[in-house]
Amino acid sequence: MTTIEKPKILVVNDDPASLLALTSLLDQWADESGYSVLSARSGQEALRQVLLHDFAVILLDVNMPGMDGFETAEAIHQRARSADIPIIFVTAFLADEIDRLKAYQRGAADFLFTPVIPQILHAKVQVFVALATKNEELKRQTHKLSQRTTELTVTNKRLTREMEERQAAEAKSHAKDEFLAMLGHELRNPLSAISSAASLIGLPGAPADTVSRARQIIQRQSQHLSRIVDDLLDLSRAMSGKILLDKQNVDVAALVSAGLDTFKATGRTANYLLNVDLQAGWVDGDPTRLEQIATNLIDNALKYTPPGGTIDITVADKGKDIVLEVRDTGVGISAELLPHVFDVFVQGSITLDRAQGGLGIGLALVRRLVELHGGTVSAHSEGASAGSTFVIRLPRATPLAAAASSAPAALAQEGKPAILLIEDNDDGREMMATMLGAYGYPVRHAADGVQGVQMARSFLPDVALVDIGLPGIDGYEVARRLRQGGDTCHIKLIALTGYGLADDQRRVLEAGFDKHLVKPVEIAHLLDAIGQCAATTHD
């Protein structure tokens with residue numbers, strides 16, 4: 001327990017005998033009353049003591065040479081720290097009213113007249129000592145209360161912060177749980193449709209039109225599954241900064257137009273009024289990722305706009321920026337959701353029976369891809385049922401000369417390149433070989449890396465499609481061995497892999513491959529890659 005410092009009494013008197021008498025009287029009660037006594041023989045010495053100590057009361061002789069008691073009292077009370085110290089004037093004569101007024105004006109608390117009566121001295125001093133003791137206790141209690149208040153404030157802030165962090169963690173966990181539930185729902189639906197369609201195809205005597213519809217369902221649902229996997233992987237790569245952009249001079253209007261053609265070909269836009277205004281707008285970007293941005297926004301507008309609604313799509317050159325804007329008359333975005341519409345796992349009112357479907361990651365992926373291109377994306381809506389507008393701004397680039405076309409190389413209609421397919425998955429190998437054969441390509445295939453290298457040396461294909469995860473020797477080693485052979489070093493090598501990170505692409509190219517394709521690859525993309533490789537082979 002902290003000990004309270006004893007109150008101090010200062011006795012000021014220029015006469016040694018009077019000073020001794022007063023201090024002696026006070027000393028005899030000091031232990032009992034719990035105070036200590038200090039002395040000074042002049043006004044100047046009294047001021048020095050006041051600078052060093054706090055006093056409960058000062059006994060001040062009025063008649064002193066040099067600086068008298070009134071002057072000393074005035075000087076003491078002029079200092080902020082000692083302004084409230086009570087002063088008892090000690091005088092040898094009965095002060096008249098003028099002297100009393102003068103004393104009170106100088107801050108006198110009381111008078112003592114000599115000869116001093118001990119009992120009166122003790123009583124008067126005791127009052128001020130008790131008051132000083134109470135004040136000191138009050139100060140200490142106030143200080144403790146202040147400390148406790150500070151501690152409680154800090155504790156309260158910490159608890160509030162912990163509560164907010166816990167609530168944020170719970171919300172994040174809840175969002176992830178909802179996302180996993182949605183993912184299971186989104187995967188099971190197409191898988192169920194594919195399974196049922198495959199069973200129909202296998203039924204003896206199934207009508208031809210039923211088989212045809214079943215095949216269309218399998219194709220459509222397989223593409224849907226592929227988009228889900230692509231979105232998940234792309235978002236993961238984008239959030240971790242592992243997407244490697246293959247930048248070139250690109251016309252955003254041409255990309256948006258190509259994306260719209262795809263939607264129209266699949267019948268997605270049949271029940272909507274489309275207003276399209278596409279001005280040429282050149283940027284330095286990755287064509288695949290920019291097309292992904294545009295198609296995600298258009299798909300979002302189609303998904304959340306009821307049939308019969310209107311969708312406006314514009315591309316405009318705004319000086320320093322190329323601006324892509326997609327406006328719809330759909331369900332709109334609530335004020336609560338609008339600030340979070342680009343956050344991961346956000347999809348408005350999430351329920352398991354959502355009519356629109358999807359994983360709620362498309363807009364999050366759009367924002368990250370736009371940011372990787374040095375651009376910005378924003379969303380606007382007046383609220384529910386008021387439609388939505390998404391605006392993307394990308395840094396403008398200088399257009400390429402007309403002769404420099406970014407169109408894919410055309411496939412030769414005659415003398416198509418010979419293909420070697422090295423793939424260990426039996427179903428995948430059979431289907432891809434059959435598909436390439438249907439497009440007129442001479443195809444041979446191997447089930448592992450060693451067999452693939454042997455077949456390449458005897459077959460000498462123009463292009464080899466090589467899976468990376470092969471038994472025996474992997475695709476990297478296959479590429480190295482083919483590049484080292486004098487008769488196989490010219491073969492164009494295309495890597496087919498389920499791994500699409502930037503580091504995977506680097507390893508593929510270092511191993512000697514010409515191109516890197518991520519499974520599942522669309523047939524049009526695959527044929528385009530083969531055509532580009534074949535074109536360079538014949539140059």
# chains A, B, ... in the order shown; residues from 1 in each chain; ligands from 1
>>> select_by_dssp(residues="stretch 239-284 of chain A", states="alpha helix (DSSP H)", output="list in words")
Met239, Val252, Ala253, Ala254, Leu255, Val256, Ser257, Ala258, Gly259, Leu260, Asp261, Thr262, Phe263, Lys264 and Ala265 of chain A
>>> residues_around(residues="A:Ile333", least_positions_apart="6", cutoff="7 Å", atoms="only C-alpha atoms", output="JSON, numbers by chain")
{"A": [381, 383, 384, 388]}
>>> write_last_selection(atoms="all heavy atoms", output="compact mmCIF listing (two decimals), in the first residue's frame")
# COMPACT_ATOMS: atom_id res chain seq x y z
N SER A 381 -25.52 1.32 -59.06
CA SER A 381 -26.91 0.87 -59.09
C SER A 381 -27.73 1.76 -58.18
O SER A 381 -27.25 2.19 -57.12
CB SER A 381 -27.03 -0.59 -58.65
OG SER A 381 -28.40 -1.00 -58.64
N GLY A 383 -30.31 0.66 -56.74
CA GLY A 383 -30.93 -0.23 -55.77
C GLY A 383 -31.63 -1.39 -56.44
O GLY A 383 -31.48 -1.64 -57.64
N ALA A 384 -32.37 -2.17 -55.63
CA ALA A 384 -33.05 -3.36 -56.12
C ALA A 384 -34.02 -3.00 -57.26
O ALA A 384 -34.71 -1.98 -57.22
CB ALA A 384 -33.81 -4.03 -54.98
N SER A 388 -28.12 -2.31 -63.17
CA SER A 388 -26.73 -2.14 -62.73
C SER A 388 -25.88 -1.65 -63.88
O SER A 388 -26.19 -1.90 -65.05
CB SER A 388 -26.16 -3.47 -62.21
OG SER A 388 -26.99 -4.04 -61.24
>>> closest_residue(among="A:Val50, A:Gly66, A:Val377, A:Asp284", to="A:Gln78", atoms="only C-alpha atoms")
A:Val50
>>> select_by_dssp(residues="stretch 263-342 of chain A", states="strand (DSSP E or B)", output="list in words")
Leu273, Leu274, Asn275, Val276, Asp277, Leu278, Trp282, Val283, Asp284, Gly285, Thr310, Ile311, Asp312, Ile313, Thr314, Val315, Ala316, Asp317, Lys318, Asp321, Ile322, Val323, Leu324, Glu325, Val326, Arg327 and Asp328 of chain A
>>> write_last_selection(atoms="N, CA and C atoms", output="PDB file, in the first residue's frame")
ATOM      1  N   LEU A 273     -32.908  -7.275 -75.473  1.00  0.00           N
ATOM      2  CA  LEU A 273     -32.633  -6.190 -76.409  1.00  0.00           C
ATOM      3  C   LEU A 273     -31.210  -5.707 -76.151  1.00  0.00           C
ATOM      4  N   LEU A 274     -30.327  -5.906 -77.126  1.00  0.00           N
ATOM      5  CA  LEU A 274     -28.920  -5.509 -76.987  1.00  0.00           C
ATOM      6  C   LEU A 274     -28.679  -4.215 -77.760  1.00  0.00           C
ATOM      7  N   ASN A 275     -28.133  -3.224 -77.080  1.00  0.00           N
ATOM      8  CA  ASN A 275     -27.677  -1.992 -77.722  1.00  0.00           C
ATOM      9  C   ASN A 275     -26.158  -1.965 -77.641  1.00  0.00           C
ATOM     10  N   VAL A 276     -25.506  -2.089 -78.777  1.00  0.00           N
ATOM     11  CA  VAL A 276     -24.052  -2.238 -78.808  1.00  0.00           C
ATOM     12  C   VAL A 276     -23.430  -1.070 -79.563  1.00  0.00           C
ATOM     13  N   ASP A 277     -22.468  -0.404 -78.937  1.00  0.00           N
ATOM     14  CA  ASP A 277     -21.739   0.706 -79.564  1.00  0.00           C
ATOM     15  C   ASP A 277     -20.263   0.505 -79.257  1.00  0.00           C
ATOM     16  N   LEU A 278     -19.536  -0.061 -80.213  1.00  0.00           N
ATOM     17  CA  LEU A 278     -18.141  -0.440 -79.981  1.00  0.00           C
ATOM     18  C   LEU A 278     -17.218   0.400 -80.849  1.00  0.00           C
ATOM     19  N   TRP A 282      -7.604   0.619 -78.254  1.00  0.00           N
ATOM     20  CA  TRP A 282      -6.408  -0.223 -78.155  1.00  0.00           C
ATOM     21  C   TRP A 282      -5.783  -0.115 -76.776  1.00  0.00           C
ATOM     22  N   VAL A 283      -5.419  -1.275 -76.224  1.00  0.00           N
ATOM     23  CA  VAL A 283      -4.744  -1.328 -74.924  1.00  0.00           C
ATOM     24  C   VAL A 283      -3.593  -2.325 -75.010  1.00  0.00           C
ATOM     25  N   ASP A 284      -2.700  -2.235 -74.047  1.00  0.00           N
ATOM     26  CA  ASP A 284      -1.600  -3.189 -73.930  1.00  0.00           C
ATOM     27  C   ASP A 284      -2.036  -4.249 -72.926  1.00  0.00           C
ATOM     28  N   GLY A 285      -2.487  -5.409 -73.424  1.00  0.00           N
ATOM     29  CA  GLY A 285      -3.039  -6.393 -72.500  1.00  0.00           C
ATOM     30  C   GLY A 285      -3.003  -7.800 -73.040  1.00  0.00           C
ATOM     31  N   THR A 310     -33.146  -5.018 -71.189  1.00  0.00           N
ATOM     32  CA  THR A 310     -32.228  -4.346 -72.115  1.00  0.00           C
ATOM     33  C   THR A 310     -30.816  -4.355 -71.547  1.00  0.00           C
ATOM     34  N   ILE A 311     -29.834  -4.602 -72.412  1.00  0.00           N
ATOM     35  CA  ILE A 311     -28.422  -4.572 -72.022  1.00  0.00           C
ATOM     36  C   ILE A 311     -27.677  -3.668 -73.003  1.00  0.00           C
ATOM     37  N   ASP A 312     -27.024  -2.647 -72.479  1.00  0.00           N
ATOM     38  CA  ASP A 312     -26.233  -1.720 -73.301  1.00  0.00           C
ATOM     39  C   ASP A 312     -24.755  -2.022 -73.099  1.00  0.00           C
ATOM     40  N   ILE A 313     -24.031  -2.195 -74.183  1.00  0.00           N
ATOM     41  CA  ILE A 313     -22.601  -2.499 -74.134  1.00  0.00           C
ATOM     42  C   ILE A 313     -21.870  -1.488 -74.996  1.00  0.00           C
ATOM     43  N   THR A 314     -20.938  -0.753 -74.383  1.00  0.00           N
ATOM     44  CA  THR A 314     -20.192   0.258 -75.141  1.00  0.00           C
ATOM     45  C   THR A 314     -18.702   0.141 -74.869  1.00  0.00           C
ATOM     46  N   VAL A 315     -17.921   0.446 -75.893  1.00  0.00           N
ATOM     47  CA  VAL A 315     -16.475   0.629 -75.760  1.00  0.00           C
ATOM     48  C   VAL A 315     -16.159   1.992 -76.356  1.00  0.00           C
ATOM     49  N   ALA A 316     -15.473   2.833 -75.572  1.00  0.00           N
ATOM     50  CA  ALA A 316     -15.198   4.194 -76.037  1.00  0.00           C
ATOM     51  C   ALA A 316     -13.775   4.586 -75.690  1.00  0.00           C
ATOM     52  N   ASP A 317     -13.178   5.380 -76.571  1.00  0.00           N
ATOM     53  CA  ASP A 317     -11.841   5.939 -76.354  1.00  0.00           C
ATOM     54  C   ASP A 317     -12.015   7.274 -75.641  1.00  0.00           C
ATOM     55  N   LYS A 318     -11.612   7.315 -74.372  1.00  0.00           N
ATOM     56  CA  LYS A 318     -11.781   8.531 -73.564  1.00  0.00           C
ATOM     57  C   LYS A 318     -10.438   9.200 -73.264  1.00  0.00           C
ATOM     58  N   ASP A 321      -7.874   6.812 -71.327  1.00  0.00           N
ATOM     59  CA  ASP A 321      -8.468   5.524 -70.968  1.00  0.00           C
ATOM     60  C   ASP A 321      -9.321   4.971 -72.095  1.00  0.00           C
ATOM     61  N   ILE A 322      -9.356   3.641 -72.167  1.00  0.00           N
ATOM     62  CA  ILE A 322     -10.354   2.934 -72.969  1.00  0.00           C
ATOM     63  C   ILE A 322     -11.394   2.439 -71.974  1.00  0.00           C
ATOM     64  N   VAL A 323     -12.665   2.800 -72.206  1.00  0.00           N
ATOM     65  CA  VAL A 323     -13.720   2.534 -71.236  1.00  0.00           C
ATOM     66  C   VAL A 323     -14.703   1.516 -71.793  1.00  0.00           C
ATOM     67  N   LEU A 324     -14.853   0.411 -71.061  1.00  0.00           N
ATOM     68  CA  LEU A 324     -15.864  -0.601 -71.373  1.00  0.00           C
ATOM     69  C   LEU A 324     -16.988  -0.464 -70.348  1.00  0.00           C
ATOM     70  N   GLU A 325     -18.218  -0.290 -70.837  1.00  0.00           N
ATOM     71  CA  GLU A 325     -19.357  -0.125 -69.941  1.00  0.00           C
ATOM     72  C   GLU A 325     -20.443  -1.129 -70.317  1.00  0.00           C
ATOM     73  N   VAL A 326     -20.942  -1.838 -69.289  1.00  0.00           N
ATOM     74  CA  VAL A 326     -22.038  -2.788 -69.470  1.00  0.00           C
ATOM     75  C   VAL A 326     -23.164  -2.368 -68.537  1.00  0.00           C
ATOM     76  N   ARG A 327     -24.300  -1.974 -69.135  1.00  0.00           N
ATOM     77  CA  ARG A 327     -25.448  -1.490 -68.354  1.00  0.00           C
ATOM     78  C   ARG A 327     -26.633  -2.414 -68.617  1.00  0.00           C
ATOM     79  N   ASP A 328     -27.367  -2.766 -67.541  1.00  0.00           N
ATOM     80  CA  ASP A 328     -28.528  -3.640 -67.708  1.00  0.00           C
ATOM     81  C   ASP A 328     -29.723  -3.080 -66.951  1.00  0.00           C
TER      82      ASP A 328
END
>>> atom_distance(atom1="atom CA of A:Ser39", atom2="atom CA of A:Gln119")
20.4 Å
>>> residues_around(residues="A:Arg289", least_positions_apart="5", cutoff="10 Å", atoms="only C-alpha atoms", output="list of chain:residue names")
A:Asp234, A:Ile243, A:Leu245, A:Asp246, A:Lys247, A:Ala294, A:Thr295, A:Val366, A:Leu369, A:Val370, A:Leu372, A:His373
>>> residues_around(residues="A:Thr262", least_positions_apart="4", cutoff="12 Å", atoms="only C-alpha atoms", output="number ranges by chain")
A: 255-258, 266-269, 291, 294-295, 298-299
>>> closest_residue(among="A:Phe342, A:Phe128, A:Phe111, A:Trp29", to="A:Ala56", atoms="only C-alpha atoms")
A:Phe128
>>> residues_around(residues="A:Thr305", least_positions_apart="6", cutoff="9 Å", atoms="only C-alpha atoms", output="list in words")
Tyr272, Ile311, Asp328, Thr329, Gly330, Val331, Gly332 and Gly387 of chain A
>>> write_last_selection(atoms="N, CA and C atoms", output="compact mmCIF listing (two decimals), in the first residue's frame")
# COMPACT_ATOMS: atom_id res chain seq x y z
N TYR A 272 -33.23 -10.85 -75.22
CA TYR A 272 -32.84 -9.54 -74.69
C TYR A 272 -32.69 -8.54 -75.82
N ILE A 311 -29.83 -4.60 -72.41
CA ILE A 311 -28.42 -4.57 -72.02
C ILE A 311 -27.68 -3.67 -73.00
N ASP A 328 -27.37 -2.77 -67.54
CA ASP A 328 -28.53 -3.64 -67.71
C ASP A 328 -29.72 -3.08 -66.95
N THR A 329 -30.90 -3.63 -67.25
CA THR A 329 -32.14 -3.24 -66.57
C THR A 329 -32.60 -4.35 -65.64
N GLY A 330 -31.63 -5.06 -65.07
CA GLY A 330 -31.94 -6.24 -64.27
C GLY A 330 -32.29 -5.96 -62.82
N VAL A 331 -31.95 -6.94 -61.95
CA VAL A 331 -32.40 -6.93 -60.56
C VAL A 331 -31.74 -5.83 -59.72
N GLY A 332 -30.65 -5.24 -60.24
CA GLY A 332 -29.98 -4.16 -59.50
C GLY A 332 -29.17 -4.69 -58.32
N GLY A 387 -31.59 -2.01 -62.01
CA GLY A 387 -30.53 -2.24 -62.97
C GLY A 387 -29.15 -1.96 -62.39
>>> residues_around(residues="A:Thr23", least_positions_apart="2", cutoff="8 Å", atoms="only C-alpha atoms", output="number ranges by chain")
A: 11, 19-21, 25-27, 37-39
>>> closest_residue(among="A:Ile473, A:Met64, A:Ala109, A:Val252", to="A:Ala397", atoms="only C-alpha atoms")
A:Val252
>>> residues_around(residues="A:Asp110", least_positions_apart="2", cutoff="8 Å", atoms="only C-alpha atoms", output="count of residues only")
5
